[in-house]
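**Student:** Structure: structure_13.pdb, PDB, C-alpha atoms.
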```pdb
MODEL        1
ATOM      1  CA  PHE A  89      90.413 189.733  89.567  1.00  0.00           C
ATOM      2  CA  GLU A  90      93.983 190.580  90.543  1.00  0.00           C
ATOM      3  CA  THR A  91      96.810 188.260  91.544  1.00  0.00           C
ATOM      4  CA  LYS A  92      99.376 189.699  93.898  1.00  0.00           C
ATOM      5  CA  PHE A  93     102.680 188.144  94.937  1.00  0.00           C
ATOM      6  CA  TYR A  94     104.399 188.825  98.246  1.00  0.00           C
ATOM      7  CA  ASN A  95     108.102 188.564  98.980  1.00  0.00           C
ATOM      8  CA  ASN A  96     107.652 187.258 102.514  1.00  0.00           C
ATOM      9  CA  ILE A  97     104.998 186.051 104.955  1.00  0.00           C
ATOM     10  CA  ASN A  98     105.117 189.157 107.158  1.00  0.00           C
ATOM     11  CA  GLU A  99     104.344 191.378 104.190  1.00  0.00           C
ATOM     12  CA  LEU A 100     101.391 189.176 103.257  1.00  0.00           C
ATOM     13  CA  PHE A 101      99.870 189.268 106.719  1.00  0.00           C
ATOM     14  CA  CYS A 102     100.119 193.030 106.987  1.00  0.00           C
ATOM     15  CA  ASN A 103      97.239 193.013 104.506  1.00  0.00           C
ATOM     16  CA  GLU A 104      94.162 194.011 106.513  1.00  0.00           C
ATOM     17  CA  TYR A 105      91.753 192.349 104.057  1.00  0.00           C
ATOM     18  CA  ILE A 106      92.710 188.734 104.820  1.00  0.00           C
ATOM     19  CA  ASP A 107      89.632 186.842 106.061  1.00  0.00           C
ATOM     20  CA  CYS A 108      91.170 183.393 106.466  1.00  0.00           C
ATOM     21  CA  VAL A 109      94.217 181.326 105.552  1.00  0.00           C
ATOM     22  CA  TYR A 110      94.833 177.811 104.209  1.00  0.00           C
ATOM     23  CA  VAL A 111      98.430 176.818 104.935  1.00  0.00           C
ATOM     24  CA  ALA A 112      99.476 174.134 102.442  1.00  0.00           C
ATOM     25  CA  ALA A 113     102.976 173.690 103.789  1.00  0.00           C
ATOM     26  CA  ASN A 114     105.081 171.731 106.286  1.00  0.00           C
ATOM     27  CA  PRO A 115     104.546 171.612 110.078  1.00  0.00           C
ATOM     28  CA  LYS A 116     107.230 174.198 110.848  1.00  0.00           C
ATOM     29  CA  THR A 117     105.512 176.672 108.506  1.00  0.00           C
ATOM     30  CA  ASN A 118     102.156 175.824 110.122  1.00  0.00           C
ATOM     31  CA  PHE A 119     103.553 176.789 113.509  1.00  0.00           C
ATOM     32  CA  LYS A 120     105.225 179.933 112.205  1.00  0.00           C
ATOM     33  CA  ILE A 121     102.081 181.237 110.498  1.00  0.00           C
ATOM     34  CA  PHE A 122      99.874 180.367 113.455  1.00  0.00           C
ATOM     35  CA  ASN A 123     102.190 182.381 115.717  1.00  0.00           C
ATOM     36  CA  LEU A 124     101.987 185.349 113.374  1.00  0.00           C
ATOM     37  CA  LEU A 125      98.184 185.277 113.247  1.00  0.00           C
ATOM     38  CA  LYS A 126      97.092 184.059 116.671  1.00  0.00           C
ATOM     39  CA  PHE A 127      96.366 187.519 118.067  1.00  0.00           C
ATOM     40  CA  LYS A 128      94.547 188.604 114.893  1.00  0.00           C
ATOM     41  CA  LYS A 129      92.304 185.549 115.319  1.00  0.00           C
ATOM     42  CA  ILE A 130      92.270 184.891 111.585  1.00  0.00           C
ATOM     43  CA  PRO A 131      90.658 181.447 111.010  1.00  0.00           C
ATOM     44  CA  MET A 132      92.932 178.962 109.293  1.00  0.00           C
ATOM     45  CA  ILE A 133      93.244 175.461 107.923  1.00  0.00           C
ATOM     46  CA  LEU A 134      96.614 173.781 108.478  1.00  0.00           C
ATOM     47  CA  GLU A 135      97.848 170.943 106.297  1.00  0.00           C
ATOM     48  CA  LYS A 136      98.428 167.693 108.155  1.00  0.00           C
ATOM     49  CA  PRO A 137     100.282 166.966 110.315  1.00  0.00           C
ATOM     50  CA  PHE A 138      99.529 170.310 111.948  1.00  0.00           C
ATOM     51  CA  CYS A 139     102.820 169.956 113.873  1.00  0.00           C
ATOM     52  CA  ASP A 140     105.703 167.486 113.877  1.00  0.00           C
ATOM     53  CA  ASN A 141     106.143 166.998 117.629  1.00  0.00           C
ATOM     54  CA  SER A 142     103.934 166.931 120.708  1.00  0.00           C
ATOM     55  CA  THR A 143     105.747 169.840 122.413  1.00  0.00           C
ATOM     56  CA  ASP A 144     104.813 172.275 119.637  1.00  0.00           C
ATOM     57  CA  GLY A 145     101.374 170.667 119.432  1.00  0.00           C
ATOM     58  CA  ARG A 146     100.610 171.218 123.103  1.00  0.00           C
ATOM     59  CA  LYS A 147     101.859 174.788 122.875  1.00  0.00           C
ATOM     60  CA  MET A 148      99.678 175.509 119.849  1.00  0.00           C
ATOM     61  CA  ILE A 149      96.574 174.025 121.488  1.00  0.00           C
ATOM     62  CA  ARG A 150      97.148 176.112 124.623  1.00  0.00           C
ATOM     63  CA  LEU A 151      97.319 179.230 122.467  1.00  0.00           C
ATOM     64  CA  ILE A 152      94.242 178.199 120.453  1.00  0.00           C
ATOM     65  CA  ASN A 153      92.269 177.837 123.692  1.00  0.00           C
ATOM     66  CA  LYS A 154      93.653 181.049 125.170  1.00  0.00           C
ATOM     67  CA  ASN A 155      92.950 183.195 122.107  1.00  0.00           C
ATOM     68  CA  GLN A 156      89.782 181.360 120.991  1.00  0.00           C
ATOM     69  CA  ASN A 157      91.237 180.754 117.531  1.00  0.00           C
ATOM     70  CA  LYS A 158      89.404 178.756 114.866  1.00  0.00           C
ATOM     71  CA  VAL A 159      91.949 176.301 113.509  1.00  0.00           C
ATOM     72  CA  PHE A 160      91.246 173.207 111.404  1.00  0.00           C
ATOM     73  CA  THR A 161      93.599 170.546 110.091  1.00  0.00           C
ATOM     74  CA  ASN A 162      93.060 168.771 106.783  1.00  0.00           C
ATOM     75  CA  LEU A 163      92.263 165.138 107.655  1.00  0.00           C
ATOM     76  CA  PRO A 164      90.368 163.880 104.571  1.00  0.00           C
ATOM     77  CA  ASN A 165      89.313 160.531 106.062  1.00  0.00           C
ATOM     78  CA  ILE A 166      87.473 162.320 108.857  1.00  0.00           C
ATOM     79  CA  TYR A 167      85.912 165.002 106.656  1.00  0.00           C
ATOM     80  CA  ALA A 168      84.672 162.440 104.112  1.00  0.00           C
ATOM     81  CA  ASP A 169      80.929 161.666 103.956  1.00  0.00           C
ATOM     82  CA  THR A 170      81.842 158.044 104.670  1.00  0.00           C
ATOM     83  CA  TYR A 171      83.218 158.864 108.139  1.00  0.00           C
ATOM     84  CA  GLU A 172      79.879 158.981 109.980  1.00  0.00           C
ATOM     85  CA  ILE A 173      78.603 155.917 108.087  1.00  0.00           C
ATOM     86  CA  THR A 174      81.705 153.923 109.036  1.00  0.00           C
ATOM     87  CA  LYS A 175      81.568 155.109 112.644  1.00  0.00           C
ATOM     88  CA  GLU A 176      77.939 154.003 112.898  1.00  0.00           C
ATOM     89  CA  LEU A 177      78.770 150.594 111.397  1.00  0.00           C
ATOM     90  CA  ILE A 178      81.630 150.056 113.832  1.00  0.00           C
ATOM     91  CA  LEU A 179      79.805 151.136 116.977  1.00  0.00           C
ATOM     92  CA  LYS A 180      76.601 149.290 116.032  1.00  0.00           C
ATOM     93  CA  ASN A 181      78.538 146.056 115.445  1.00  0.00           C
ATOM     94  CA  PHE A 182      81.168 146.534 118.160  1.00  0.00           C
ATOM     95  CA  ASN A 183      80.736 143.101 119.785  1.00  0.00           C
ATOM     96  CA  LYS A 184      80.448 141.365 116.411  1.00  0.00           C
ATOM     97  CA  ILE A 185      83.725 142.675 114.954  1.00  0.00           C
ATOM     98  CA  GLU A 186      86.629 140.254 114.611  1.00  0.00           C
ATOM     99  CA  LYS A 187      89.142 142.937 113.615  1.00  0.00           C
ATOM    100  CA  ILE A 188      89.666 146.157 111.701  1.00  0.00           C
ATOM    101  CA  ILE A 189      92.454 146.498 109.142  1.00  0.00           C
ATOM    102  CA  ILE A 190      93.671 149.741 107.573  1.00  0.00           C
ATOM    103  CA  HIS A 191      96.183 149.843 104.712  1.00  0.00           C
ATOM    104  CA  GLU A 192      97.063 153.433 103.969  1.00  0.00           C
ATOM    105  CA  GLY A 193     100.119 154.599 102.073  1.00  0.00           C
ATOM    106  CA  ALA A 194     101.788 155.058  98.707  1.00  0.00           C
ATOM    107  CA  SER A 195     105.118 155.021  96.879  1.00  0.00           C
ATOM    108  CA  GLY A 196     105.952 158.456  98.261  1.00  0.00           C
ATOM    109  CA  PRO A 197     106.089 161.292  98.851  1.00  0.00           C
ATOM    110  CA  GLN A 198     109.634 161.814 100.088  1.00  0.00           C
ATOM    111  CA  ASN A 199     109.644 164.640 102.615  1.00  0.00           C
ATOM    112  CA  ASP A 200     112.902 165.817 104.149  1.00  0.00           C
ATOM    113  CA  ASN A 201     111.132 167.510 107.054  1.00  0.00           C
ATOM    114  CA  ILE A 202     108.533 164.870 108.045  1.00  0.00           C
ATOM    115  CA  HIS A 203     109.074 161.225 108.933  1.00  0.00           C
ATOM    116  CA  PRO A 204     107.027 159.090 106.474  1.00  0.00           C
ATOM    117  CA  ILE A 205     105.139 157.358 109.286  1.00  0.00           C
ATOM    118  CA  LEU A 206     104.112 160.695 110.768  1.00  0.00           C
ATOM    119  CA  ASP A 207     103.105 161.957 107.330  1.00  0.00           C
ATOM    120  CA  TRP A 208     100.951 158.912 106.510  1.00  0.00           C
ATOM    121  CA  GLY A 209     100.132 157.430 109.917  1.00  0.00           C
ATOM    122  CA  ILE A 210      98.424 160.614 111.124  1.00  0.00           C
ATOM    123  CA  HIS A 211      95.494 159.781 108.808  1.00  0.00           C
ATOM    124  CA  SER A 212      94.695 156.330 110.177  1.00  0.00           C
ATOM    125  CA  LEU A 213      95.474 156.952 113.835  1.00  0.00           C
ATOM    126  CA  SER A 214      93.466 160.186 113.989  1.00  0.00           C
ATOM    127  CA  TYR A 215      90.574 158.387 112.310  1.00  0.00           C
ATOM    128  CA  ILE A 216      90.606 155.583 114.888  1.00  0.00           C
ATOM    129  CA  LEU A 217      90.992 158.014 117.801  1.00  0.00           C
ATOM    130  CA  CYS A 218      88.001 160.037 116.595  1.00  0.00           C
ATOM    131  CA  ILE A 219      85.780 156.988 116.148  1.00  0.00           C
ATOM    132  CA  PHE A 220      86.725 155.433 119.489  1.00  0.00           C
ATOM    133  CA  GLU A 221      87.081 158.652 121.483  1.00  0.00           C
ATOM    134  CA  GLU A 222      84.887 157.270 124.294  1.00  0.00           C
ATOM    135  CA  PHE A 223      86.763 153.951 124.499  1.00  0.00           C
ATOM    136  CA  GLU A 224      90.040 152.890 126.044  1.00  0.00           C
ATOM    137  CA  ILE A 225      92.755 152.279 123.454  1.00  0.00           C
ATOM    138  CA  ASN A 226      95.562 150.076 124.719  1.00  0.00           C
ATOM    139  CA  LYS A 227      98.266 147.520 123.959  1.00  0.00           C
ATOM    140  CA  ILE A 228      99.737 149.619 121.145  1.00  0.00           C
ATOM    141  CA  LYS A 229     102.557 147.830 119.346  1.00  0.00           C
ATOM    142  CA  TYR A 230     104.747 149.047 116.492  1.00  0.00           C
ATOM    143  CA  LYS A 231     106.881 147.218 113.962  1.00  0.00           C
ATOM    144  CA  GLU A 232     108.855 148.414 110.952  1.00  0.00           C
ATOM    145  CA  ILE A 233     108.043 146.237 107.950  1.00  0.00           C
ATOM    146  CA  LYS A 234     110.548 147.649 105.487  1.00  0.00           C
ATOM    147  CA  LYS A 235     112.564 150.827 105.024  1.00  0.00           C
ATOM    148  CA  THR A 236     115.492 152.346 103.166  1.00  0.00           C
ATOM    149  CA  LYS A 237     118.800 152.955 104.939  1.00  0.00           C
ATOM    150  CA  ASP A 238     118.246 156.711 105.001  1.00  0.00           C
ATOM    151  CA  ASN A 239     114.748 156.295 106.549  1.00  0.00           C
ATOM    152  CA  LYS A 240     113.248 158.409 103.760  1.00  0.00           C
ATOM    153  CA  PHE A 241     110.962 155.526 102.739  1.00  0.00           C
ATOM    154  CA  CYS A 242     109.289 153.245 105.240  1.00  0.00           C
ATOM    155  CA  VAL A 243     106.269 151.008 105.866  1.00  0.00           C
ATOM    156  CA  SER A 244     105.293 150.212 109.449  1.00  0.00           C
ATOM    157  CA  LYS A 245     102.559 148.347 111.301  1.00  0.00           C
ATOM    158  CA  PHE A 246     100.596 149.482 114.338  1.00  0.00           C
ATOM    159  CA  ASP A 247      98.648 146.934 116.363  1.00  0.00           C
ATOM    160  CA  LEU A 248      96.236 148.138 119.033  1.00  0.00           C
ATOM    161  CA  LYS A 249      93.263 146.986 121.046  1.00  0.00           C
ATOM    162  CA  ILE A 250      90.003 148.740 121.909  1.00  0.00           C
ATOM    163  CA  LYS A 251      88.870 147.900 125.471  1.00  0.00           C
ATOM    164  CA  ASN A 252      91.252 144.918 125.325  1.00  0.00           C
ATOM    165  CA  LYS A 253      88.793 143.307 122.882  1.00  0.00           C
ATOM    166  CA  MET A 254      88.731 144.622 119.336  1.00  0.00           C
ATOM    167  CA  HIS A 255      91.958 144.215 117.358  1.00  0.00           C
ATOM    168  CA  ILE A 256      92.994 146.975 114.946  1.00  0.00           C
ATOM    169  CA  LYS A 257      95.920 146.656 112.539  1.00  0.00           C
ATOM    170  CA  ILE A 258      97.254 149.658 110.636  1.00  0.00           C
ATOM    171  CA  LEU A 259      99.792 149.292 107.836  1.00  0.00           C
ATOM    172  CA  THR A 260     101.066 152.678 106.711  1.00  0.00           C
ATOM    173  CA  GLY A 261     103.962 154.555 105.119  1.00  0.00           C
ATOM    174  CA  ASN A 262     105.420 155.779 101.841  1.00  0.00           C
ATOM    175  CA  PHE A 263     107.070 152.542 100.666  1.00  0.00           C
ATOM    176  CA  PHE A 264     104.015 150.813  99.148  1.00  0.00           C
ATOM    177  CA  LYS A 265     104.116 149.625  95.534  1.00  0.00           C
ATOM    178  CA  LYS A 266     101.081 151.783  94.747  1.00  0.00           C
ATOM    179  CA  LYS A 267      98.701 154.148  96.526  1.00  0.00           C
ATOM    180  CA  THR A 268      96.393 152.244  98.856  1.00  0.00           C
ATOM    181  CA  ARG A 269      93.791 153.669 101.242  1.00  0.00           C
ATOM    182  CA  ILE A 270      91.403 151.000 102.493  1.00  0.00           C
ATOM    183  CA  LEU A 271      89.667 150.226 105.801  1.00  0.00           C
ATOM    184  CA  LYS A 272      88.206 146.746 106.324  1.00  0.00           C
ATOM    185  CA  ILE A 273      85.776 145.831 109.098  1.00  0.00           C
ATOM    186  CA  ILE A 274      85.730 142.041 109.421  1.00  0.00           C
ATOM    187  CA  LEU A 275      82.803 140.609 111.388  1.00  0.00           C
ATOM    188  CA  LYS A 276      82.803 137.266 113.184  1.00  0.00           C
ATOM    189  CA  ASP A 277      79.974 136.017 110.949  1.00  0.00           C
ATOM    190  CA  GLY A 278      82.077 136.513 107.800  1.00  0.00           C
ATOM    191  CA  LYS A 279      80.635 139.855 106.648  1.00  0.00           C
ATOM    192  CA  ILE A 280      83.191 142.414 105.502  1.00  0.00           C
ATOM    193  CA  PHE A 281      82.644 146.150 105.231  1.00  0.00           C
ATOM    194  CA  ILE A 282      85.160 148.094 103.159  1.00  0.00           C
ATOM    195  CA  ASN A 283      85.657 151.855 103.282  1.00  0.00           C
ATOM    196  CA  ASP A 284      87.514 152.962 100.149  1.00  0.00           C
ATOM    197  CA  PHE A 285      89.233 156.165 101.331  1.00  0.00           C
ATOM    198  CA  ILE A 286      90.325 157.073  97.789  1.00  0.00           C
ATOM    199  CA  ASN A 287      86.959 156.844  96.018  1.00  0.00           C
ATOM    200  CA  HIS A 288      84.875 157.505  99.162  1.00  0.00           C
ATOM    201  CA  LYS A 289      82.711 154.397  98.821  1.00  0.00           C
ATOM    202  CA  ILE A 290      81.553 151.809 101.338  1.00  0.00           C
ATOM    203  CA  TRP A 291      81.003 148.186 100.381  1.00  0.00           C
ATOM    204  CA  GLN A 292      79.384 145.276 102.231  1.00  0.00           C
ATOM    205  CA  ASN A 293      81.164 142.289 100.751  1.00  0.00           C
ATOM    206  CA  THR A 294      80.637 142.932  97.003  1.00  0.00           C
ATOM    207  CA  ASN A 295      77.632 145.280  97.336  1.00  0.00           C
ATOM    208  CA  LEU A 296      78.101 149.034  97.166  1.00  0.00           C
ATOM    209  CA  ILE A 297      76.071 150.478 100.062  1.00  0.00           C
ATOM    210  CA  TYR A 298      77.218 154.116 100.079  1.00  0.00           C
ATOM    211  CA  GLN A 299      78.975 156.623  97.819  1.00  0.00           C
ATOM    212  CA  SER A 300      79.977 160.111  98.904  1.00  0.00           C
ATOM    213  CA  LYS A 301      78.125 163.035  97.432  1.00  0.00           C
ATOM    214  CA  SER A 302      81.020 165.459  97.889  1.00  0.00           C
ATOM    215  CA  THR A 303      84.770 165.327  98.455  1.00  0.00           C
ATOM    216  CA  PRO A 304      86.389 165.608 101.899  1.00  0.00           C
ATOM    217  CA  LEU A 305      87.912 168.959 100.940  1.00  0.00           C
ATOM    218  CA  GLU A 306      84.509 170.302  99.871  1.00  0.00           C
ATOM    219  CA  ASN A 307      83.084 169.208 103.216  1.00  0.00           C
ATOM    220  CA  LEU A 308      85.938 170.786 105.141  1.00  0.00           C
ATOM    221  CA  LEU A 309      85.585 174.061 103.240  1.00  0.00           C
ATOM    222  CA  ASP A 310      81.813 174.069 103.882  1.00  0.00           C
ATOM    223  CA  ILE A 311      82.410 173.616 107.616  1.00  0.00           C
ATOM    224  CA  PHE A 312      85.095 176.284 107.497  1.00  0.00           C
ATOM    225  CA  ALA A 313      82.781 178.711 105.671  1.00  0.00           C
ATOM    226  CA  ASN A 314      80.052 178.180 108.277  1.00  0.00           C
ATOM    227  CA  CYS A 315      82.613 178.787 110.957  1.00  0.00           C
ATOM    228  CA  LEU A 316      83.616 182.093 109.309  1.00  0.00           C
ATOM    229  CA  ASN A 317      79.946 183.112 109.184  1.00  0.00           C
ATOM    230  CA  ASP A 318      79.421 182.098 112.838  1.00  0.00           C
ATOM    231  CA  LYS A 319      76.883 179.472 111.739  1.00  0.00           C
ATOM    232  CA  SER A 320      78.834 176.614 113.287  1.00  0.00           C
ATOM    233  CA  GLN A 321      80.155 175.914 116.752  1.00  0.00           C
ATOM    234  CA  ASN A 322      82.816 173.637 115.251  1.00  0.00           C
ATOM    235  CA  ASN A 323      86.166 175.382 115.624  1.00  0.00           C
ATOM    236  CA  GLY A 324      88.299 172.416 114.523  1.00  0.00           C
ATOM    237  CA  LEU A 325      89.726 171.810 117.990  1.00  0.00           C
ATOM    238  CA  ASN A 326      88.498 168.210 118.334  1.00  0.00           C
ATOM    239  CA  GLU A 327      90.368 167.128 115.197  1.00  0.00           C
ATOM    240  CA  ILE A 328      93.447 169.102 116.311  1.00  0.00           C
ATOM    241  CA  ASN A 329      93.365 167.312 119.680  1.00  0.00           C
ATOM    242  CA  LYS A 330      93.037 163.899 118.031  1.00  0.00           C
ATOM    243  CA  SER A 331      95.943 164.785 115.749  1.00  0.00           C
ATOM    244  CA  LEU A 332      98.055 165.611 118.793  1.00  0.00           C
ATOM    245  CA  GLU A 333      97.150 162.272 120.397  1.00  0.00           C
ATOM    246  CA  SER A 334      98.211 160.549 117.156  1.00  0.00           C
ATOM    247  CA  ILE A 335     101.511 162.428 117.106  1.00  0.00           C
ATOM    248  CA  LYS A 336     102.181 161.363 120.710  1.00  0.00           C
ATOM    249  CA  ILE A 337     101.671 157.726 119.716  1.00  0.00           C
ATOM    250  CA  ILE A 338     103.853 157.951 116.614  1.00  0.00           C
ATOM    251  CA  GLU A 339     106.770 159.794 118.257  1.00  0.00           C
ATOM    252  CA  LYS A 340     107.115 157.007 120.828  1.00  0.00           C
ATOM    253  CA  PHE A 341     108.324 154.734 118.042  1.00  0.00           C
ATOM    254  CA  ILE A 342     110.063 156.788 115.337  1.00  0.00           C
TER
ENDMDL
END
```
Would you mind writing the file's structure down as structure tokens?
**Tutor:**
Amino acid sequence: FETKFYNNINELFCNEYIDCVYVAANPKTNFKIFNLLKFKKIPMILEKPFCDNSTDGRKMIRLINKNQNKVFTNLPNIYADTYEITKELILKNFNKIEKIIIHEGASGPQNDNIHPILDWGIHSLSYILCIFEEFEINKIKYKEIKKTKDNKFCVSKFDLKIKNKMHIKILTGNFFKKKTRILKIILKDGKIFINDFINHKIWQNTNLIYQSKSTPLENLLDIFANCLNDKSQNNGLNEINKSLESIKIIEKFI
């Protein structure tokens, strides 16, 4: 095993033996590396958010479609085992749900190149957009709950409706007292389902009904590996598109 260091990105990507790339960086670096590799069609995973504005996002998606690139973005809530279970619970009980509440944030991080609501809110909004992709999402409202004067730390609330019926409230940002990643489905009959995004468990009231067998990253890497071996038709584009829709929502308010 040999470790090799490169002085710049261009030198790295001149290496003909690169099979794939995981870009654990900021959105501007995501865009730069994608541009360098788009014609080589090297599959890649981009850290979220995959871009920081809808203009770059639309441009990247056009190029992905044109060049038939395989590009994924790391959205752990969606790649968790609990995603399909939660989606099934929500759709099965659609007319019985009083509301859905998501609290997702922490006391950081502080990023100079990403607004905290874009950094954190992309998780929850993309999750909701994926689950309700066949439904109309409307009446989106936004309110800042608290923030610092320099806007480096912020907590905000999104309120939205599904088909003008189901109420969803999202509280998100980097100005929480401690890390919190919870989704609650509150039914009209008093039942509560809780998806613990941190420990990847689902509870019905106080009863544990599901626990993930693998981590979201393990699942994403498995999907990515199948994609590299042409065993999967999933090229990551659906999650990229939902991320772009989330970015469009967020940039209306921040």
**Student:** Enclose all atoms of range 300-310 of chain A listed in the file in an axis-aligned box, grow every side by 5 Å, and hand back centre and edge lengths in Å to one decimal, as lines of an AutoDock Vina configuration file.
**Tutor:**
```
center_x = 83.0
center_y = 167.1
center_z = 101.3
size_x = 19.8
size_y = 24.0
size_z = 17.7
```
**Student:** Which residues come within 9 Å of Pro204 in chain A, counting all atoms listed in the file, excluding same-chain residues fewer than 6 positions away, as a tab-separated table (two decimals) with C-alpha atoms, in the coordinates of the input?
**Tutor:**
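Result file is out.tsv:
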```tsv
chain	number	residue	atom	x	y	z
A	196	GLY	CA	105.95	158.46	98.26
A	197	PRO	CA	106.09	161.29	98.85
A	198	GLN	CA	109.63	161.81	100.09
A	239	ASN	CA	114.75	156.29	106.55
A	240	LYS	CA	113.25	158.41	103.76
A	241	PHE	CA	110.96	155.53	102.74
A	242	CYS	CA	109.29	153.24	105.24
A	243	VAL	CA	106.27	151.01	105.87
A	260	THR	CA	101.07	152.68	106.71
A	261	GLY	CA	103.96	154.56	105.12
A	262	ASN	CA	105.42	155.78	101.84
A	263	PHE	CA	107.07	152.54	100.67
```
**Student:** What's around His255 in chain A at 8 Å? Count all atoms listed in the file, leave out sequence neighbours fewer than 3 positions away in its own chain, and write the answer as a PyMOL selection string.
**Tutor:** chain A and resi 186-188+247-250
**Student:** CA of Ile106 in chain A to CA of Ser142 in chain A: how many Å, to one decimal?
**Tutor:**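 Computing it gives 29.2 Å between the two atoms.
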**Student:** List as a Markdown table every residue of range 132-244 of chain A that is in contact with range 271-285 of chain A, defined as an atom at most 10 Å from one of its atoms (using all atoms listed in the file), together with the nearest atom pair and the distance in Å rounded to one decimal, sorted by chain and then rising number.
**Tutor:**
```
| residue | atom | partner | partner_atom | distance |
| --- | --- | --- | --- | --- |
| A:Pro164 | CA | A:Phe285 | CA | 8.4 |
| A:Asn165 | CA | A:Phe285 | CA | 6.4 |
| A:Ile166 | CA | A:Phe285 | CA | 9.9 |
| A:Ala168 | CA | A:Phe285 | CA | 8.2 |
| A:Thr170 | CA | A:Asn283 | CA | 7.4 |
| A:Tyr171 | CA | A:Asn283 | CA | 8.9 |
| A:Ile173 | CA | A:Asn283 | CA | 9.5 |
| A:Thr174 | CA | A:Asn283 | CA | 7.3 |
| A:Leu177 | CA | A:Phe281 | CA | 8.5 |
| A:Ile178 | CA | A:Ile273 | CA | 7.6 |
| A:Asn181 | CA | A:Leu275 | CA | 8.0 |
| A:Phe182 | CA | A:Leu275 | CA | 9.1 |
| A:Asn183 | CA | A:Leu275 | CA | 9.0 |
| A:Lys184 | CA | A:Leu275 | CA | 5.6 |
| A:Ile185 | CA | A:Leu275 | CA | 4.2 |
| A:Glu186 | CA | A:Leu275 | CA | 5.0 |
| A:Lys187 | CA | A:Ile274 | CA | 5.5 |
| A:Ile188 | CA | A:Ile273 | CA | 4.7 |
| A:Ile189 | CA | A:Lys272 | CA | 5.1 |
| A:Ile190 | CA | A:Leu271 | CA | 4.4 |
| A:His191 | CA | A:Leu271 | CA | 6.6 |
| A:Glu192 | CA | A:Leu271 | CA | 8.3 |
| A:Ser212 | CA | A:Leu271 | CA | 9.0 |
```
**Student:** Keeping only C-alpha atoms, write the selected residues as a compact mmCIF listing (two decimals), in the coordinates of the input.
**Tutor:**
```txt
# COMPACT_ATOMS: atom_id res chain seq x y z
CA PRO A 164 90.37 163.88 104.57
CA ASN A 165 89.31 160.53 106.06
CA ILE A 166 87.47 162.32 108.86
CA ALA A 168 84.67 162.44 104.11
CA THR A 170 81.84 158.04 104.67
CA TYR A 171 83.22 158.86 108.14
CA ILE A 173 78.60 155.92 108.09
CA THR A 174 81.70 153.92 109.04
CA LEU A 177 78.77 150.59 111.40
CA ILE A 178 81.63 150.06 113.83
CA ASN A 181 78.54 146.06 115.44
CA PHE A 182 81.17 146.53 118.16
CA ASN A 183 80.74 143.10 119.78
CA LYS A 184 80.45 141.36 116.41
CA ILE A 185 83.72 142.68 114.95
CA GLU A 186 86.63 140.25 114.61
CA LYS A 187 89.14 142.94 113.62
CA ILE A 188 89.67 146.16 111.70
CA ILE A 189 92.45 146.50 109.14
CA ILE A 190 93.67 149.74 107.57
CA HIS A 191 96.18 149.84 104.71
CA GLU A 192 97.06 153.43 103.97
CA SER A 212 94.70 156.33 110.18
```
**Student:** What are the nearest atom pairs, with distances in Å to one decimal, for all residues of range 190-235 of chain A that come at most 12 Å from range 111-126 of chain A, using all atoms listed in the file, set out by chain and rising residue number as CSV?
**Tutor:**
```
residue,atom,partner,partner_atom,distance
A:Asn199,CA,A:Asn114,CA,9.2
A:Asp200,CA,A:Asn114,CA,10.0
A:Asn201,CA,A:Asn114,CA,7.4
A:Ile202,CA,A:Asn114,CA,7.9
A:His203,CA,A:Pro115,CA,11.4
A:Leu206,CA,A:Pro115,CA,10.9
A:Asp207,CA,A:Asn114,CA,10.0
```
**Student:** Pick from A:Phe101, A:Phe264, A:Phe220, A:Tyr167: nearest to Asp310 in chain A, with only C-alpha atoms counted?
**Tutor:**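 Of A:Phe101, A:Phe264, A:Phe220, A:Tyr167, the one nearest Asp310 in chain A, counting only C-alpha atoms, is A:Tyr167.
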**Student:** Take the PyMOL selection byres ((chain A and resi 107) around 12), run it mentally on this structure, and tell me the resulting residues as a VMD selection string.
**Tutor:** chain A and resid 101 103 to 106 108 to 110 125 128 to 132 158 312 to 313 315 to 317
**Student:** Step by step, work through what the PyMOL selection byres ((chain A and resi 244) around 9) selects in the shown file, and finish by giving those residues as a short mmCIF file (atom, residue, chain, number, x, y, z; two decimals) with C-alpha atoms, keeping the file's coordinate frame.
**Tutor:**
```cif
data_model
loop_
_atom_site.label_atom_id
_atom_site.label_comp_id
_atom_site.auth_asym_id
_atom_site.auth_seq_id
_atom_site.Cartn_x
_atom_site.Cartn_y
_atom_site.Cartn_z
CA ILE A 205 105.14 157.36 109.29
CA GLY A 209 100.13 157.43 109.92
CA TYR A 230 104.75 149.05 116.49
CA LYS A 231 106.88 147.22 113.96
CA GLU A 232 108.86 148.41 110.95
CA ILE A 233 108.04 146.24 107.95
CA LYS A 234 110.55 147.65 105.49
CA LYS A 235 112.56 150.83 105.02
CA CYS A 242 109.29 153.24 105.24
CA VAL A 243 106.27 151.01 105.87
CA LYS A 245 102.56 148.35 111.30
CA PHE A 246 100.60 149.48 114.34
CA ILE A 258 97.25 149.66 110.64
CA LEU A 259 99.79 149.29 107.84
CA THR A 260 101.07 152.68 106.71
CA GLY A 261 103.96 154.56 105.12
#
```
**Student:** So, with only C-alpha atoms as the atoms that count, which of A:Phe93, A:Phe127, A:Pro137, A:Phe160 lies closest to Ile311 in chain A?
**Tutor:** A:Phe160
**Student:** Provide the CA of Ala194 in chain A to CA of Asn329 in chain A distance in Å, to one decimal place.
**Tutor:**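 Interatomic distance, CA of Ala194 in chain A to CA of Asn329 in chain A: 25.7 Å.
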